[in-house]
Amino acid sequence: WKRTGEKRALAMAEANLAGMRRGGLWDHIGYGFHRYSTDEEWLVPHFEKMLYDQGQLVVSYCDAYVVTKDKFYSDIINDILTYVSRDLSHPLGGFYGAEDADSYPTESAIHKLEGAFCVWEFGEIQSLLQDERDAKIFCYHYNVEPDGNVNPAQDPHGELKNKNVLMVSGSFESTAEKFNLTVPALKEILERCHKILYDERQKRPKPHVDTKIVTSWNGLMISGYARAGFVLKNQTYINKAILAANFIKKFLYKENEKELIRCCYKGDEGEVAQISCPIAGFLDDYAFLIRGLLDLYEASLDSDWLQWAETLQEQQDRRFWDSEGFGYFTSPEGDTSILIRGKEDQDGAEPCGNSVSVHNLLRLSAYLGRQDLRDKAGRTLTAFSEKLSIMPLALPEMTSALLLYHESPTQVFIAGEREDNNTQALLDVVRSSLMPGRILAVADGPTGRAGLLYSRHESLSRLHPVHGKSAAYVCRNFACSLPVTEPDELASSLDTEWRNKEKQAVSQSQQ
């Protein structure tokens with residue numbers, strides 16, 4: 001990340017990611033991101049928390065952490081997943097859809113107010129934080145004001161009068177300097193204050209949790225846990241993704257028909273309850289879950305998840321593919337309740353199913369050597385070519401997929417036993433390198449976890465450890481470089497591959 005353009009792009013991304021975390025968009029006491037901000041300073045949010053936001057933001061912060069190695073981002077990842085595990089998780093593994101914005105301000109109140117669970121009055125904080133210096137530091141750091149910090153223009157219904165939305169406009173360093181503290185000492189004080197306010201907030205009437213368990217949103221959250229588990233080398237997160245995938249397989253998947261169900265929900269007794277007339281899965285359910293399974297494969301290196309992803313992709317193709325105009329319809333074929341089958345062509349709060357599908361098709365093709373899947377990705381891009389040409393900002397996820405289509409995914413195969421220390425050292429290099437579109441597999445033999453891959457690729461049988469030591473092969477379309485056995489050699493090889501792809505992209509843009 002040394003070139004001017006790269007630095008500028010990274011600075012823009014970091015400014016947004018850091019600003020979101022410091023602003024009122026983030027719940028500084030209970031964690032998790034609210035839905036969106038209503039003002040330019042990112043102070044006043046719409047206080048609803050959506051599962052799909054948490055899942056996608058974890059992935060973004062994982063990328064930021066890999067690029068910068070800044071603990072600031074890994075802390076955010078851990079905090080988001082703390083919130084999801086604590087407040088949006090069914091005991092058997094599925095994830096609930098959302099937490100409401102509104103709640104009762106007191107037990108005796110008859111009307112709910114937006115943000116009531118999250119905001120604070122100045123006097124309330126002063127009385128709770130009995131150490132006067134702690135209270136002064138906390139109020140300074142989080143912009144807490146005696147009359148509230150919400151502009152009346154941002155509060156049309158008067159729900160936030162005299163209230164404070166916690167927001168950091170400075171930094172740990174600036175606050176520590178003002179109060180003649182070290183940053184670690186400041187963080188210790190703030191954590192002590194957080195604990196007091198969190199315990200007090202738990203006494204308030206809580207917002208309602210929407211306990212629908214939606215397949216598509218769970219797919220996004222599986223991606224979040226899997227990516228975090230891989231990047232942070234955290235097996236607990238990977239296990240959480242596995243538990244969620246198994247939940248979907250048990251409760252939201254018809255094994256005989258190979259079909260997904262749209263959603264289920266938490267019953268009155270905490271059990272998993274099905275809708276009386278189950279809704280067949282939509283395009284997003286298939287596409288987002290396939291993405292989650294591909295990410296889970298890379299995190300766990302268990303080819304069962306790759307196999308299920310392929311099965312779901314084939315089912316998606318049967319149910320949603322437009323054989324005449326190309327691309328995928330949103331609803332399945334044969335649904336009599338749909339008068340006109342449409343195709344979503346905008347990446348909004350969630351990416352559209354076609355955008356995610358192009359990525360999935362390219363990744364599956366690169367894993368399984370299936371040219372038909374790559375061809376389908378190309379035809380999908382053709383179906384949306386006009387929108388991509390006229391308004392690429394409307395389809396950023398598909399624009400990313402278009403770049404991947406022209407570059408071809410980089411394949412990293414590591415030949416060796418998965419648990420071997422040398423294999424893990426090579427995996428650590430991949431873990432710490434950001435290469436969009438990269439796919440990863442451990443070639444541990446036809447009877448190991450990569451058995452599925454061996455059954456599809458004769459070329460994998462030629463990838464062996466070198467002199468008994470795990471070896472990494474960097475490939476494109478299964479044309480591989482010479483093997484490397486040392487982590488620094490693999491890091492150099494990946495950097496060379498990245499620069500070659502960069503040159504190729506520049507050359508294509510000039511053409």
# chains A, B, ... in the order shown; residues from 1 in each chain; ligands from 1
$ select_by_dssp --residues "range 270-506 of chain A" --states "strand (DSSP E)" --output "number ranges by chain"
A: 272-273, 411-415, 439-443, 471-476, 479-480
$ write_last_selection --atoms "C-alpha atoms" --output "PDB file, in the first residue's frame"
ATOM      1  CA  VAL A 272     -37.224 -23.292  16.888  1.00  0.00           C
ATOM      2  CA  ALA A 273     -40.661 -22.727  15.379  1.00  0.00           C
ATOM      3  CA  GLN A 411      -5.399 -19.842  -6.104  1.00  0.00           C
ATOM      4  CA  VAL A 412      -3.220 -20.637  -3.102  1.00  0.00           C
ATOM      5  CA  PHE A 413      -2.792 -24.356  -2.515  1.00  0.00           C
ATOM      6  CA  ILE A 414      -0.804 -25.590   0.451  1.00  0.00           C
ATOM      7  CA  ALA A 415       0.364 -29.209   0.244  1.00  0.00           C
ATOM      8  CA  ILE A 439      -9.057 -18.616  -2.887  1.00  0.00           C
ATOM      9  CA  LEU A 440      -7.330 -20.941  -0.448  1.00  0.00           C
ATOM     10  CA  ALA A 441      -7.157 -24.715  -0.044  1.00  0.00           C
ATOM     11  CA  VAL A 442      -4.971 -27.160   1.829  1.00  0.00           C
ATOM     12  CA  ALA A 443      -4.138 -30.113  -0.412  1.00  0.00           C
ATOM     13  CA  ALA A 471       4.796 -26.335   0.438  1.00  0.00           C
ATOM     14  CA  ALA A 472       2.668 -23.528  -0.986  1.00  0.00           C
ATOM     15  CA  TYR A 473       1.761 -23.182  -4.658  1.00  0.00           C
ATOM     16  CA  VAL A 474       0.425 -19.898  -6.025  1.00  0.00           C
ATOM     17  CA  CYS A 475      -1.681 -20.656  -9.095  1.00  0.00           C
ATOM     18  CA  ARG A 476      -4.010 -19.168 -11.645  1.00  0.00           C
ATOM     19  CA  ALA A 479      -1.170 -23.197 -13.625  1.00  0.00           C
ATOM     20  CA  CYS A 480       1.105 -23.018 -10.605  1.00  0.00           C
TER      21      CYS A 480
END
$ select_by_dssp --residues "range 7-123 of chain A" --states "helix (DSSP H, G or I)" --output "NGL selection string"
:A and (7-22 or 51-68 or 71-87 or 122-123)
$ residues_around --residues "Phe282 in chain A" --least-positions-apart "6" --cutoff "7 Å" --atoms "only C-alpha atoms" --output "number ranges by chain"
A: 262, 330-332
$ closest_atom_pairs --of "range 8-57 of chain A" --to "range 196-210 of chain A" --cutoff "12 Å" --atoms "only C-alpha atoms" --output "tab-separated table"
residue	atom	partner	partner_atom	distance
A:Asp27	CA	A:Tyr198	CA	10.8
A:His28	CA	A:Tyr198	CA	9.6
A:Ile29	CA	A:Tyr198	CA	5.8
A:Gly30	CA	A:Tyr198	CA	6.6
A:Tyr31	CA	A:Tyr198	CA	10.2
A:Phe47	CA	A:Pro207	CA	10.0
A:Glu48	CA	A:Pro207	CA	9.1
A:Lys49	CA	A:Val209	CA	9.4
A:Met50	CA	A:Asp210	CA	9.6
A:Leu51	CA	A:Asp210	CA	10.1
$ write_last_selection --atoms "N, CA, C and O atoms" --output "tab-separated table (two decimals), in the first residue's frame"
chain	number	residue	atom	x	y	z
A	27	ASP	N	-22.95	1.69	19.18
A	27	ASP	CA	-23.42	1.65	20.56
A	27	ASP	C	-22.19	1.47	21.46
A	27	ASP	O	-21.67	0.37	21.60
A	28	HIS	N	-21.74	2.55	22.08
A	28	HIS	CA	-20.51	2.53	22.85
A	28	HIS	C	-20.63	1.75	24.15
A	28	HIS	O	-19.61	1.39	24.74
A	29	ILE	N	-21.83	1.50	24.60
A	29	ILE	CA	-22.02	0.78	25.86
A	29	ILE	C	-22.33	-0.70	25.63
A	29	ILE	O	-21.76	-1.58	26.28
A	30	GLY	N	-23.23	-1.01	24.72
A	30	GLY	CA	-23.64	-2.39	24.50
A	30	GLY	C	-23.09	-3.01	23.23
A	30	GLY	O	-23.29	-4.21	22.99
A	31	TYR	N	-22.41	-2.21	22.40
A	31	TYR	CA	-21.79	-2.66	21.16
A	31	TYR	C	-22.83	-2.89	20.05
A	31	TYR	O	-24.03	-2.88	20.26
A	47	PHE	N	-31.90	4.08	15.55
A	47	PHE	CA	-31.31	3.21	16.56
A	47	PHE	C	-31.55	1.71	16.34
A	47	PHE	O	-31.06	0.90	17.11
A	48	GLU	N	-32.27	1.33	15.32
A	48	GLU	CA	-32.45	-0.09	15.03
A	48	GLU	C	-31.10	-0.73	14.70
A	48	GLU	O	-30.22	-0.10	14.11
A	49	LYS	N	-30.93	-1.97	15.11
A	49	LYS	CA	-29.72	-2.73	14.78
A	49	LYS	C	-30.12	-3.93	13.94
A	49	LYS	O	-30.95	-4.73	14.36
A	50	MET	N	-29.51	-4.04	12.76
A	50	MET	CA	-29.84	-5.10	11.82
A	50	MET	C	-28.74	-6.14	11.78
A	50	MET	O	-27.55	-5.81	11.75
A	51	LEU	N	-29.14	-7.41	11.72
A	51	LEU	CA	-28.16	-8.47	11.63
A	51	LEU	C	-27.30	-8.34	10.38
A	51	LEU	O	-26.08	-8.53	10.42
$ closest_residue --among "A:Ala401, A:Leu427, A:Ala153, A:Val84" --to "Gly224 in chain A" --atoms "only C-alpha atoms"
A:Val84
$ residues_around --residues "range 130-134 of chain A" --least-positions-apart "3" --cutoff "9 Å" --atoms "only C-alpha atoms" --output "MDAnalysis selection string"
chainID A and resid 125:127 137:139 189:190 192:193
